[in-house]
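Colleague: Structure file target33.cif, mmCIF, C-alpha atoms and all ligand atoms, is pasted below:
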data_query
#
loop_
_atom_site.label_atom_id
_atom_site.label_comp_id
_atom_site.auth_asym_id
_atom_site.auth_seq_id
_atom_site.Cartn_x
_atom_site.Cartn_y
_atom_site.Cartn_z
CA MET A 1 -88.32 72.30 40.83
CA LYS A 2 -85.27 72.35 38.59
CA TYR A 3 -85.34 72.04 34.82
CA TYR A 4 -82.61 70.28 32.85
CA SER A 5 -81.79 70.54 29.16
CA THR A 6 -82.44 67.62 26.79
CA ASN A 7 -78.93 68.27 25.40
CA GLY A 8 -77.43 67.78 28.85
CA LYS A 9 -74.78 70.49 28.50
CA ALA A 10 -76.46 73.48 30.15
CA ALA A 11 -76.73 74.13 33.87
CA GLN A 12 -80.10 73.35 35.44
CA ALA A 13 -82.56 76.22 35.50
CA THR A 14 -85.31 77.38 37.84
CA LEU A 15 -88.87 77.53 36.49
CA GLU A 16 -88.58 81.29 36.16
CA GLU A 17 -85.37 81.00 34.14
CA ALA A 18 -86.82 78.27 31.95
CA VAL A 19 -89.92 80.36 31.21
CA VAL A 20 -88.03 83.58 30.53
CA LYS A 21 -85.32 81.92 28.43
CA GLY A 22 -87.49 79.45 26.52
CA LEU A 23 -84.56 77.45 25.17
CA ALA A 24 -81.60 76.21 27.25
CA SER A 25 -78.19 77.74 26.52
CA ASP A 26 -77.03 74.51 24.83
CA LYS A 27 -80.08 74.81 22.51
CA GLY A 28 -81.80 71.87 24.22
CA LEU A 29 -85.37 71.88 25.53
CA PHE A 30 -86.10 72.21 29.22
CA MET A 31 -87.53 69.18 31.05
CA PRO A 32 -88.71 69.11 34.70
CA GLU A 33 -86.31 67.04 36.83
CA LYS A 34 -89.22 64.98 38.18
CA ILE A 35 -92.71 64.08 37.05
CA LYS A 36 -94.85 63.58 40.13
CA ALA A 37 -97.42 60.80 40.15
CA LEU A 38 -100.87 61.82 41.38
CA PRO A 39 -102.56 59.72 44.11
CA LYS A 40 -105.03 56.93 43.34
CA GLU A 41 -107.83 58.79 45.18
CA PHE A 42 -107.57 61.61 42.68
CA PHE A 43 -108.27 59.27 39.76
CA ASP A 44 -110.95 57.36 41.70
CA ASN A 45 -112.90 60.58 42.16
CA ILE A 46 -111.87 62.51 39.05
CA GLU A 47 -115.26 62.32 37.31
CA ASN A 48 -116.79 64.37 40.12
CA LEU A 49 -114.37 67.30 39.73
CA SER A 50 -114.66 70.34 37.45
CA PHE A 51 -112.15 71.06 34.67
CA GLN A 52 -110.63 73.83 36.77
CA GLU A 53 -110.35 71.63 39.87
CA ILE A 54 -108.66 68.86 37.89
CA ALA A 55 -106.32 71.30 36.19
CA TYR A 56 -105.28 72.87 39.47
CA LYS A 57 -104.23 69.44 40.83
CA VAL A 58 -102.11 68.84 37.75
CA ALA A 59 -100.67 72.37 37.82
CA ASP A 60 -99.76 71.93 41.47
CA ALA A 61 -97.70 68.82 40.61
CA PHE A 62 -95.78 70.77 37.95
CA PHE A 63 -95.52 74.25 39.43
CA GLY A 64 -96.55 74.00 43.09
CA GLU A 65 -92.96 74.21 44.38
CA ASP A 66 -92.35 77.48 42.54
CA VAL A 67 -95.65 79.37 42.64
CA ASP A 68 -97.69 79.98 45.81
CA ALA A 69 -101.00 78.13 45.95
CA ASP A 70 -103.32 81.14 45.71
CA SER A 71 -101.50 82.62 42.73
CA LEU A 72 -101.34 79.28 40.95
CA LYS A 73 -105.02 78.66 41.47
CA LYS A 74 -105.81 82.12 40.09
CA ILE A 75 -103.59 81.52 37.04
CA VAL A 76 -105.27 78.17 36.33
CA TYR A 77 -108.83 79.37 36.86
CA ASP A 78 -108.23 82.50 34.80
CA THR A 79 -106.67 80.47 31.96
CA LEU A 80 -109.50 77.95 31.82
CA SER A 81 -112.48 80.24 31.61
CA PHE A 82 -113.92 78.09 28.82
CA ASP A 83 -114.98 74.44 28.62
CA VAL A 84 -113.39 71.66 26.52
CA PRO A 85 -116.29 69.21 26.18
CA ALA A 86 -115.90 65.68 24.81
CA VAL A 87 -118.66 65.48 22.22
CA LYS A 88 -119.85 62.08 20.98
CA VAL A 89 -119.40 61.82 17.21
CA GLU A 90 -120.36 58.17 16.79
CA ASP A 91 -120.19 54.91 18.78
CA ASN A 92 -116.90 54.86 20.71
CA ILE A 93 -115.51 58.04 19.10
CA TYR A 94 -115.50 61.40 20.87
CA SER A 95 -114.20 64.81 19.82
CA LEU A 96 -112.49 66.77 22.59
CA GLU A 97 -113.38 70.28 21.42
CA LEU A 98 -110.40 72.42 22.35
CA PHE A 99 -111.66 75.37 20.33
CA HIS A 100 -113.92 77.24 22.74
CA GLY A 101 -111.23 79.76 23.76
CA PRO A 102 -110.62 83.29 22.44
CA THR A 103 -109.03 82.34 19.08
CA LEU A 104 -110.89 79.05 18.60
CA ALA A 105 -107.84 76.77 18.78
CA PHE A 106 -106.11 74.70 21.45
CA LYS A 107 -103.04 76.95 21.59
CA ASP A 108 -105.15 79.40 23.61
CA VAL A 109 -104.68 77.22 26.71
CA GLY A 110 -100.88 77.26 26.68
CA ALA A 111 -100.61 80.88 25.56
CA ARG A 112 -102.93 82.17 28.29
CA PHE A 113 -101.24 80.10 30.99
CA MET A 114 -97.79 81.23 29.92
CA SER A 115 -98.78 84.90 29.85
CA ARG A 116 -100.15 84.75 33.37
CA LEU A 117 -97.19 82.79 34.75
CA LEU A 118 -94.75 85.22 33.17
CA GLY A 119 -96.84 88.11 34.52
CA TYR A 120 -96.59 86.53 37.98
CA PHE A 121 -92.79 86.32 37.83
CA ILE A 122 -92.50 89.90 36.56
CA LYS A 123 -94.63 91.18 39.43
CA LYS A 124 -93.03 89.01 42.11
CA GLU A 125 -89.46 89.75 41.11
CA GLY A 126 -90.17 93.37 40.30
CA ALA A 127 -88.21 92.66 37.13
CA GLY A 128 -88.48 95.02 34.21
CA GLU A 129 -90.54 94.61 31.12
CA VAL A 130 -90.32 91.43 29.01
CA ASN A 131 -90.67 91.46 25.23
CA VAL A 132 -92.19 88.40 23.59
CA LEU A 133 -91.20 87.88 19.97
CA VAL A 134 -93.21 85.42 17.92
CA ALA A 135 -93.08 84.52 14.23
CA THR A 136 -96.29 83.09 12.86
CA SER A 137 -97.75 81.57 9.74
CA GLY A 138 -101.20 82.06 11.26
CA ASP A 139 -102.43 80.29 14.37
CA THR A 140 -99.61 80.71 16.87
CA GLY A 141 -99.61 84.48 16.49
CA SER A 142 -103.29 84.84 17.25
CA ALA A 143 -103.18 82.56 20.31
CA VAL A 144 -100.11 84.31 21.74
CA ALA A 145 -101.39 87.83 20.98
CA ASN A 146 -104.77 87.15 22.59
CA GLY A 147 -103.25 85.21 25.48
CA PHE A 148 -100.90 88.09 26.36
CA LEU A 149 -103.30 90.93 25.60
CA GLY A 150 -103.36 93.44 28.45
CA VAL A 151 -100.85 91.60 30.69
CA ASP A 152 -98.82 94.17 32.63
CA GLY A 153 -95.09 94.29 31.95
CA ILE A 154 -95.18 92.32 28.70
CA LYS A 155 -94.97 93.62 25.15
CA VAL A 156 -95.66 91.24 22.26
CA PHE A 157 -94.36 91.54 18.70
CA VAL A 158 -96.02 89.22 16.20
CA LEU A 159 -94.11 88.87 12.93
CA TYR A 160 -96.01 87.53 9.96
CA PRO A 161 -95.41 87.26 6.21
CA LYS A 162 -97.26 89.95 4.26
CA GLY A 163 -100.02 88.53 2.08
CA LYS A 164 -99.41 84.93 3.20
CA VAL A 165 -101.79 84.71 6.14
CA SER A 166 -105.53 84.28 5.64
CA PRO A 167 -107.70 87.37 6.37
CA ILE A 168 -109.48 85.49 9.16
CA GLN A 169 -106.13 84.68 10.80
CA GLU A 170 -104.66 88.14 10.22
CA CYS A 171 -107.51 89.99 11.93
CA GLN A 172 -107.01 87.94 15.09
CA PHE A 173 -103.67 89.54 15.89
CA THR A 174 -103.68 92.85 13.96
CA THR A 175 -106.83 94.35 15.53
CA LEU A 176 -105.90 94.15 19.21
CA GLY A 177 -103.75 97.21 19.94
CA LYS A 178 -102.64 97.76 23.58
CA ASN A 179 -99.43 95.77 24.26
CA ILE A 180 -99.64 93.83 20.97
CA THR A 181 -97.77 95.01 17.87
CA ALA A 182 -98.25 93.22 14.56
CA VAL A 183 -95.23 93.41 12.26
CA GLU A 184 -95.97 92.72 8.62
CA VAL A 185 -92.78 91.46 7.01
CA ASP A 186 -92.20 91.72 3.30
CA GLY A 187 -91.01 88.11 3.03
CA THR A 188 -91.89 84.51 3.90
CA PHE A 189 -92.62 82.77 7.21
CA ASP A 190 -89.01 81.56 7.21
CA ASP A 191 -87.82 85.19 6.94
CA CYS A 192 -89.97 86.07 9.97
CA GLN A 193 -88.51 83.18 11.92
CA ALA A 194 -84.97 84.21 10.94
CA LEU A 195 -85.61 87.78 12.17
CA VAL A 196 -86.78 86.47 15.55
CA LYS A 197 -83.81 84.08 15.85
CA ASN A 198 -81.37 86.86 14.97
CA ALA A 199 -82.93 89.13 17.54
CA PHE A 200 -82.45 86.49 20.26
CA MET A 201 -78.75 86.28 19.35
CA ASP A 202 -78.12 90.02 18.97
CA ALA A 203 -75.84 91.40 21.70
CA ASP A 204 -77.14 95.00 21.55
CA LEU A 205 -80.77 93.97 21.84
CA ASN A 206 -80.05 91.53 24.66
CA ALA A 207 -78.09 94.15 26.56
CA LYS A 208 -81.02 96.53 26.41
CA PHE A 209 -84.09 94.28 26.62
CA LYS A 210 -85.41 91.01 28.04
CA LEU A 211 -86.49 89.01 25.00
CA THR A 212 -88.35 85.70 25.08
CA SER A 213 -90.21 83.39 22.75
CA ALA A 214 -93.67 81.90 23.17
CA ASN A 215 -93.73 78.77 21.04
CA SER A 216 -94.30 75.22 22.25
CA ILE A 217 -90.69 74.75 23.28
CA ASN A 218 -91.51 76.93 26.30
CA VAL A 219 -92.37 74.78 29.35
CA ALA A 220 -95.03 77.27 30.44
CA ARG A 221 -96.80 76.82 27.13
CA PHE A 222 -96.59 73.10 26.64
CA LEU A 223 -97.03 71.61 30.15
CA PRO A 224 -100.50 73.19 30.76
CA GLN A 225 -101.74 71.28 27.75
CA ALA A 226 -101.70 68.21 30.02
CA PHE A 227 -104.76 69.62 31.84
CA TYR A 228 -107.29 68.65 29.22
CA TYR A 229 -106.05 65.06 28.88
CA PHE A 230 -107.05 64.51 32.52
CA TYR A 231 -110.40 66.17 31.90
CA ALA A 232 -110.95 64.05 28.77
CA TYR A 233 -110.34 60.93 30.86
CA ALA A 234 -112.78 62.18 33.52
CA GLN A 235 -115.47 62.67 30.88
CA MET A 236 -114.86 59.22 29.39
CA LYS A 237 -114.97 57.58 32.81
CA LYS A 238 -118.45 59.00 33.21
CA ALA A 239 -119.77 58.46 29.67
CA GLU A 240 -118.17 55.09 28.86
CA PRO A 241 -117.33 53.41 32.18
CA GLY A 242 -115.06 50.39 32.07
CA LYS A 243 -113.63 51.05 28.62
CA ASP A 244 -109.95 51.58 27.84
CA VAL A 245 -109.31 55.16 26.75
CA VAL A 246 -107.24 55.84 23.62
CA VAL A 247 -106.31 59.43 22.79
CA CYS A 248 -105.50 60.48 19.25
CA VAL A 249 -103.58 63.72 18.70
CA PRO A 250 -103.20 65.52 15.35
CA SER A 251 -99.53 66.41 15.61
CA GLY A 252 -97.05 68.88 14.10
CA ASN A 253 -94.39 70.04 16.53
CA PHE A 254 -95.48 67.35 19.03
CA GLY A 255 -95.95 69.73 21.96
CA ASN A 256 -99.56 68.75 22.43
CA ILE A 257 -99.03 64.98 22.50
CA THR A 258 -95.95 65.32 24.71
CA ALA A 259 -98.10 67.01 27.35
CA GLY A 260 -100.38 63.94 27.19
CA LEU A 261 -97.39 61.65 27.65
CA PHE A 262 -96.50 63.60 30.78
CA GLY A 263 -100.05 62.95 31.99
CA LYS A 264 -99.60 59.21 31.49
CA ARG A 265 -96.36 59.35 33.51
CA MET A 266 -98.34 61.00 36.30
CA GLY A 267 -100.64 57.99 36.44
CA LEU A 268 -103.42 59.08 34.10
CA PRO A 269 -104.98 55.80 32.89
CA ILE A 270 -104.80 56.42 29.15
CA LYS A 271 -104.14 53.05 27.54
CA ARG A 272 -102.33 54.36 24.50
CA PHE A 273 -101.88 57.33 22.17
CA ILE A 274 -102.08 57.71 18.42
CA ALA A 275 -100.01 60.48 16.81
CA SER A 276 -101.71 61.44 13.58
CA ASN A 277 -99.69 63.17 10.86
CA ASN A 278 -100.54 64.76 7.53
CA SER A 279 -98.12 64.20 4.62
CA ASN A 280 -95.35 65.57 6.85
CA ASP A 281 -94.92 62.06 8.20
CA ILE A 282 -91.53 62.23 9.90
CA PHE A 283 -92.79 60.74 13.18
CA TYR A 284 -94.84 58.07 11.41
CA ASN A 285 -91.68 56.96 9.59
CA TYR A 286 -89.70 57.06 12.81
CA LEU A 287 -92.13 54.55 14.36
CA LEU A 288 -91.80 52.29 11.33
CA SER A 289 -88.04 52.38 10.85
CA GLY A 290 -86.66 53.58 14.19
CA LYS A 291 -84.85 56.35 12.29
CA TYR A 292 -85.54 60.05 12.69
CA GLU A 293 -85.13 61.73 9.33
CA PRO A 294 -86.31 65.36 9.29
CA ARG A 295 -86.91 67.00 5.95
CA PRO A 296 -88.39 70.26 4.62
CA SER A 297 -92.13 70.55 5.24
CA VAL A 298 -94.73 70.39 2.50
CA ALA A 299 -97.94 72.45 2.46
CA THR A 300 -101.15 70.53 3.29
CA LEU A 301 -104.81 71.16 4.16
CA ALA A 302 -103.94 70.75 7.85
CA ASN A 303 -101.33 73.51 7.69
CA ALA A 304 -100.70 73.90 11.43
CA MET A 305 -99.19 70.41 11.23
CA ASP A 306 -96.84 71.22 8.34
CA VAL A 307 -93.66 70.56 10.27
CA GLY A 308 -90.61 68.79 8.88
CA ASP A 309 -88.52 68.66 12.06
CA PRO A 310 -90.84 68.53 15.09
CA SER A 311 -89.30 70.63 17.84
CA ASN A 312 -90.62 68.50 20.71
CA PHE A 313 -89.22 65.24 19.32
CA ALA A 314 -86.29 65.77 21.70
CA ARG A 315 -88.70 65.66 24.63
CA VAL A 316 -90.27 62.40 23.43
CA MET A 317 -86.77 60.91 23.11
CA ASP A 318 -85.89 62.10 26.59
CA LEU A 319 -89.06 60.57 28.10
CA TYR A 320 -88.41 57.18 26.50
CA GLY A 321 -84.63 57.03 26.78
CA LYS A 322 -84.30 57.14 22.98
CA ASN A 323 -85.74 53.63 22.82
CA VAL A 324 -88.08 53.20 19.86
CA GLU A 325 -89.52 49.97 21.30
CA ALA A 326 -90.59 51.85 24.42
CA VAL A 327 -92.10 54.65 22.31
CA ARG A 328 -94.06 52.12 20.24
CA LYS A 329 -95.61 50.64 23.41
CA ASP A 330 -97.33 53.96 24.14
CA ILE A 331 -97.72 55.60 20.74
CA SER A 332 -98.76 54.34 17.33
CA GLY A 333 -98.76 56.44 14.19
CA ALA A 334 -101.05 57.40 11.33
CA ARG A 335 -100.62 59.52 8.21
CA TYR A 336 -103.14 61.13 5.87
CA SER A 337 -102.79 62.80 2.49
CA ASP A 338 -104.89 65.87 1.63
CA GLU A 339 -107.23 63.61 -0.33
CA GLN A 340 -107.73 61.35 2.68
CA ILE A 341 -108.29 64.36 4.94
CA ALA A 342 -110.96 65.66 2.56
CA ASP A 343 -112.60 62.21 2.46
CA ALA A 344 -112.65 62.03 6.25
CA ILE A 345 -114.30 65.46 6.53
CA ARG A 346 -116.89 64.59 3.89
CA ASN A 347 -117.68 61.09 5.20
CA CYS A 348 -117.90 62.14 8.83
CA LEU A 349 -120.28 64.99 8.04
CA LYS A 350 -122.46 62.72 5.92
CA SER A 351 -122.65 59.78 8.29
CA THR A 352 -122.70 61.59 11.65
CA GLY A 353 -123.53 65.27 11.00
CA TYR A 354 -120.32 66.30 12.81
CA GLN A 355 -118.23 69.00 11.14
CA LEU A 356 -114.48 68.35 11.44
CA ASP A 357 -111.65 70.76 10.69
CA PRO A 358 -108.70 69.42 8.62
CA HIS A 359 -106.55 68.80 11.73
CA GLY A 360 -109.24 67.04 13.74
CA ALA A 361 -110.02 65.01 10.62
CA CYS A 362 -106.60 63.33 10.91
CA GLY A 363 -107.46 62.44 14.50
CA TYR A 364 -110.94 61.14 13.75
CA GLN A 365 -109.81 58.98 10.84
CA ALA A 366 -106.99 57.35 12.82
CA LEU A 367 -109.47 56.30 15.54
CA LYS A 368 -111.93 55.06 12.98
CA GLU A 369 -109.25 52.78 11.54
CA GLY A 370 -107.34 51.91 14.70
CA LEU A 371 -109.73 51.29 17.62
CA LYS A 372 -109.88 47.80 19.09
CA THR A 373 -112.66 46.01 20.96
CA GLY A 374 -113.16 47.38 24.47
CA GLU A 375 -111.60 50.75 23.63
CA VAL A 376 -113.17 54.18 23.45
CA GLY A 377 -111.32 56.84 21.47
CA VAL A 378 -111.03 60.59 21.97
CA PHE A 379 -109.44 62.74 19.29
CA LEU A 380 -108.32 66.28 20.00
CA GLU A 381 -110.29 68.68 17.80
CA THR A 382 -107.56 71.31 17.78
CA ALA A 383 -109.34 74.14 15.92
CA HIS A 384 -112.82 75.29 15.00
CA PRO A 385 -113.68 74.43 11.38
CA ALA A 386 -114.66 78.07 10.70
CA LYS A 387 -110.96 78.94 10.90
CA PHE A 388 -110.57 77.02 7.63
CA LYS A 389 -113.94 78.05 6.22
CA GLU A 390 -113.12 78.30 2.50
CA LYS A 391 -111.18 75.04 2.34
CA VAL A 392 -113.72 73.03 4.30
CA GLU A 393 -116.73 74.44 2.48
CA ALA A 394 -115.08 73.55 -0.83
CA ILE A 395 -114.78 69.95 0.40
CA THR A 396 -118.29 69.47 1.77
CA GLY A 397 -120.34 71.95 -0.24
CA SER A 398 -122.12 73.07 2.91
CA GLU A 399 -121.70 76.38 4.67
CA ILE A 400 -119.97 76.84 8.01
CA ALA A 401 -121.32 79.56 10.27
CA ILE A 402 -118.66 81.91 11.67
CA PRO A 403 -118.86 82.06 15.49
CA GLU A 404 -119.55 85.50 16.94
CA ARG A 405 -116.09 85.69 18.52
CA LEU A 406 -114.46 85.38 15.11
CA GLN A 407 -116.85 87.89 13.55
CA ALA A 408 -115.90 90.41 16.22
CA PHE A 409 -112.24 90.18 15.18
CA MET A 410 -113.23 90.67 11.57
CA ARG A 411 -115.03 93.92 12.43
CA GLY A 412 -111.89 95.36 14.07
CA THR A 413 -109.46 97.80 12.45
CA LYS A 414 -106.19 96.39 11.19
CA GLN A 415 -103.07 98.00 12.67
CA SER A 416 -99.64 96.81 11.64
CA VAL A 417 -96.11 98.01 11.06
CA GLU A 418 -94.63 97.17 7.68
CA LEU A 419 -90.98 96.16 7.61
CA SER A 420 -88.54 94.68 5.11
CA LYS A 421 -86.96 91.30 5.81
CA GLN A 422 -83.60 92.95 6.61
CA PHE A 423 -82.51 92.32 10.20
CA ALA A 424 -81.07 95.85 10.45
CA ASP A 425 -84.56 97.30 9.96
CA PHE A 426 -86.12 95.00 12.56
CA LYS A 427 -83.35 95.72 15.05
CA ASP A 428 -83.74 99.45 14.56
CA PHE A 429 -87.48 99.10 15.05
CA LEU A 430 -87.06 97.12 18.29
CA MET A 431 -84.47 99.58 19.61
CA LYS A 432 -87.07 102.33 19.31
CA ASN A 433 -90.22 100.45 20.21
CA ALA A 434 -89.47 97.51 22.54
C1 LIG B 501 -100.43 73.83 16.46
C2 LIG B 501 -101.55 73.00 15.92
C3 LIG B 501 -101.46 71.59 15.80
C4 LIG B 501 -100.19 70.83 16.12
O1 LIG B 501 -99.88 70.83 17.49
P1 LIG B 501 -98.39 70.44 17.97
O2 LIG B 501 -98.36 70.70 19.42
O3 LIG B 501 -97.47 71.36 17.21
O4 LIG B 501 -98.16 69.02 17.62
C5 LIG B 501 -102.58 70.89 15.38
N1 LIG B 501 -103.71 71.53 15.03
C6 LIG B 501 -103.83 72.88 15.11
C7 LIG B 501 -105.12 73.52 14.70
C8 LIG B 501 -102.76 73.66 15.56
O5 LIG B 501 -102.89 74.99 15.61
#
I need this file expressed as structure tokens, please.

Modeller:
Amino acid sequence: MKYYSTNGKAAQATLEEAVVKGLASDKGLFMPEKIKALPKEFFDNIENLSFQEIAYKVADAFFGEDVDADSLKKIVYDTLSFDVPAVKVEDNIYSLELFHGPTLAFKDVGARFMSRLLGYFIKKEGAGEVNVLVATSGDTGSAVANGFLGVDGIKVFVLYPKGKVSPIQECQFTTLGKNITAVEVDGTFDDCQALVKNAFMDADLNAKFKLTSANSINVARFLPQAFYYFYAYAQMKKAEPGKDVVVCVPSGNFGNITAGLFGKRMGLPIKRFIASNNSNDIFYNYLLSGKYEPRPSVATLANAMDVGDPSNFARVMDLYGKNVEAVRKDISGARYSDEQIADAIRNCLKSTGYQLDPHGACGYQALKEGLKTGEVGVFLETAHPAKFKEKVEAITGSEIAIPERLQAFMRGTKQSVELSKQFADFKDFLMKNA
């Protein structure tokens, strides 16, 4: 399968090139040239299949032309070694718990899949080592570091701002060792991102090393997120037969929801989507006015959604031919302030006993307000509430137990390299250590 750029000025790429490069040479995002519909029999029988079986079918439609069947099956089964159950919160509202992976957030799925696909290409092509550079304000770094941990031929450098990441987040990527190096930058998240961008553009580094990114612009990270939309549908078909399924996605960079839109194009009978924003409501405003007006992000309780210029917006535009009317047919919007997020967490816990995290709270609340008769809603619970323990406990007044997996990270020993925010220092470091 070939991949084209949303900017339309770069040559088409193979899957391998798209995965290794991340971004097209004209700075556009890669899109698969075709989105294959899955047969009716698959959907008729989907409730009888396991998560891994469903995911393999979907993966085959995306990647089956480029990866042999046995390898692809192994990659899928190895990625999805944990369940993503749809848990009933109240009548007609379900939480799709995407937080049962290694770092307790949905990004584990894409990060693990990407690491294994990249590992496959490295082995098959006998190509040299690949260096993954990732800047993080918290969650992306832990998912990528854990996803790539121990994969042959790949080194990962996680850059994070010193003192600006919570201790729970920090321990998830600084205690791993092996092929993972944590780089503690004396600066802000933006400084970290600038260092990574400069490295990708640096001629000396590119002459010496293969460098790639692992954020949601990478097709190998964002497409696998489609898997759990199919599985959510399968679970709803069983639990709430005959109802129209609505999926609500707490959104920041819009990689997660875009994977769901791909699912719908493949024939998945999801009636409609809701994109839920925090106060960074750029997409919400786009749906209202038809105008896309990015602006600097503001800090909120749901900080993984603090995005002022969603990177996957270009993919949504590409899917819908830049037609806002067409977008509105499939997606409606919602927006919640920190106060409303806190209210949702408090009210949901009180009336149902279900503990939301601040991101899932945006999803829950939008379903609560937006479901129509005959519909059943599933919101994506994108992270475990214990990842935001202090904030959530301050809202509800009740304690959140820390899962054993998270406690294990917290017992580990922190290892990191301290660097200034000067590119010369980072370059020198990579020259010696990549
Ligand atoms: C990354 C993230 C999001 C936003 O996902 P996008 O694909 O960027 O829209 C939502 N919730 C959590 C917990 C996240 O880590």

Colleague: Fewer than 4 positions away in the same chain doesn't count, so skip those; otherwise give me all residues within 7 Å of Ala386 of chain A, counting all atoms listed in the file, as a compact mmCIF listing (two decimals) with C-alpha atoms, keeping the file's coordinate frame.

Modeller:
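Here's the written file result24.txt:
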# COMPACT_ATOMS: atom_id res chain seq x y z
CA ILE A 400 -119.97 76.84 8.01
CA ALA A 401 -121.32 79.56 10.27
CA ILE A 402 -118.66 81.91 11.67

Colleague: Can you pull out the residues contacting segment 102-106 of chain A? Cut-off 8 Å, using all atoms listed in the file, and skip same-chain residues under 6 positions away; I want them as a PyMOL selection string.

Modeller: chain A and resi 139+142-143+146+172+382-384+387+405-406

Colleague: Would you write out those residues with C-alpha atoms, as an mmCIF file, in the frame of the given file?

Modeller:
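Okay, selection_26.cif is ready:
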data_model
loop_
_atom_site.group_PDB
_atom_site.id
_atom_site.type_symbol
_atom_site.label_atom_id
_atom_site.label_comp_id
_atom_site.auth_asym_id
_atom_site.auth_seq_id
_atom_site.Cartn_x
_atom_site.Cartn_y
_atom_site.Cartn_z
ATOM 1 C CA ASP A 139 -102.430 80.290 14.370
ATOM 2 C CA SER A 142 -103.290 84.840 17.250
ATOM 3 C CA ALA A 143 -103.180 82.560 20.310
ATOM 4 C CA ASN A 146 -104.770 87.150 22.590
ATOM 5 C CA GLN A 172 -107.010 87.940 15.090
ATOM 6 C CA THR A 382 -107.560 71.310 17.780
ATOM 7 C CA ALA A 383 -109.340 74.140 15.920
ATOM 8 C CA HIS A 384 -112.820 75.290 15.000
ATOM 9 C CA LYS A 387 -110.960 78.940 10.900
ATOM 10 C CA ARG A 405 -116.090 85.690 18.520
ATOM 11 C CA LEU A 406 -114.460 85.380 15.110
#

Colleague: At a cut-off of 10 Å, using only C-alpha atoms, what residues contact Gln422 of chain A? Leave out same-chain residues fewer than 6 positions from it and give the result as a compact mmCIF listing (two decimals) with C-alpha atoms, keeping the file's coordinate frame.

Modeller:
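Writing the result to result36.txt gives the following:
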# COMPACT_ATOMS: atom_id res chain seq x y z
CA VAL A 185 -92.78 91.46 7.01
CA ASP A 186 -92.20 91.72 3.30
CA GLY A 187 -91.01 88.11 3.03
CA ASP A 191 -87.82 85.19 6.94
CA CYS A 192 -89.97 86.07 9.97
CA ALA A 194 -84.97 84.21 10.94
CA LEU A 195 -85.61 87.78 12.17

Colleague: Identify, counting all atoms listed in the file, the protein, DNA and RNA residues located within 8 Å of ligand LIG 501 (chain B), and give them as a compact mmCIF listing (two decimals) with C-alpha atoms, in the frame of the given file.

Modeller:
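Okay, out.txt is ready:
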# COMPACT_ATOMS: atom_id res chain seq x y z
CA ALA A 105 -107.84 76.77 18.78
CA PHE A 106 -106.11 74.70 21.45
CA LYS A 107 -103.04 76.95 21.59
CA ASP A 139 -102.43 80.29 14.37
CA THR A 140 -99.61 80.71 16.87
CA SER A 216 -94.30 75.22 22.25
CA PHE A 222 -96.59 73.10 26.64
CA VAL A 249 -103.58 63.72 18.70
CA PRO A 250 -103.20 65.52 15.35
CA SER A 251 -99.53 66.41 15.61
CA GLY A 252 -97.05 68.88 14.10
CA ASN A 253 -94.39 70.04 16.53
CA PHE A 254 -95.48 67.35 19.03
CA GLY A 255 -95.95 69.73 21.96
CA ASN A 256 -99.56 68.75 22.43
CA ILE A 257 -99.03 64.98 22.50
CA THR A 258 -95.95 65.32 24.71
CA ALA A 302 -103.94 70.75 7.85
CA ASN A 303 -101.33 73.51 7.69
CA ALA A 304 -100.70 73.90 11.43
CA MET A 305 -99.19 70.41 11.23
CA VAL A 307 -93.66 70.56 10.27
CA PRO A 310 -90.84 68.53 15.09
CA HIS A 359 -106.55 68.80 11.73
CA GLY A 360 -109.24 67.04 13.74
CA GLU A 381 -110.29 68.68 17.80
CA THR A 382 -107.56 71.31 17.78
CA ALA A 383 -109.34 74.14 15.92
CA HIS A 384 -112.82 75.29 15.00

Colleague: Residues at most 10 Å from Gly370 of chain A, counting all atoms listed in the file, excluding those fewer than 6 positions away in the same chain, as a count of residues only?

Modeller: 8

Colleague: Please tabulate, as JSON lines, the residues of segment 19-80 of chain A that come within 12 Å of segment 122-133 of chain A, each with its closest pair of atoms and the distance in Å to one decimal, counting all atoms listed in the file and ordering rows by chain, then residue number upward.

Modeller:
{"residue": "A:Val19", "atom": "CA", "partner": "A:Ile122", "partner_atom": "CA", "distance": 11.2}
{"residue": "A:Val20", "atom": "CA", "partner": "A:Val130", "partner_atom": "CA", "distance": 8.3}
{"residue": "A:Lys21", "atom": "CA", "partner": "A:Val132", "partner_atom": "CA", "distance": 10.6}
{"residue": "A:Gly22", "atom": "CA", "partner": "A:Val132", "partner_atom": "CA", "distance": 10.5}
{"residue": "A:Asp66", "atom": "CA", "partner": "A:Lys124", "partner_atom": "CA", "distance": 11.6}
{"residue": "A:Val67", "atom": "CA", "partner": "A:Lys124", "partner_atom": "CA", "distance": 10.0}
{"residue": "A:Asp68", "atom": "CA", "partner": "A:Lys124", "partner_atom": "CA", "distance": 10.8}
{"residue": "A:Ser71", "atom": "CA", "partner": "A:Lys124", "partner_atom": "CA", "distance": 10.6}

Colleague: Could you tell me which of A:Gly110, A:Gly290, A:Pro167, A:Gly64 comes closest to Met317 of chain A if we count all atoms listed in the file?

Modeller: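 Nearest to Met317 of chain A: A:Gly290.
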
Colleague: Please provide the set of residues having any atom within 7 Å of Gly412 of chain A, restricted to only C-alpha atoms, with same-chain residues fewer than 3 positions apart removed, written as a PyMOL selection string.

Modeller: chain A and resi 175+408-409

Colleague: Save out the residues we just selected, C-alpha atoms, as a PDB file, in the coordinates of the input.

Modeller:
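In the end it all went to result-v9.pdb:
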ATOM      1  CA  THR A 175    -106.830  94.350  15.530  1.00  0.00           C
ATOM      2  CA  ALA A 408    -115.900  90.410  16.220  1.00  0.00           C
ATOM      3  CA  PHE A 409    -112.240  90.180  15.180  1.00  0.00           C
TER       4      PHE A 409
END
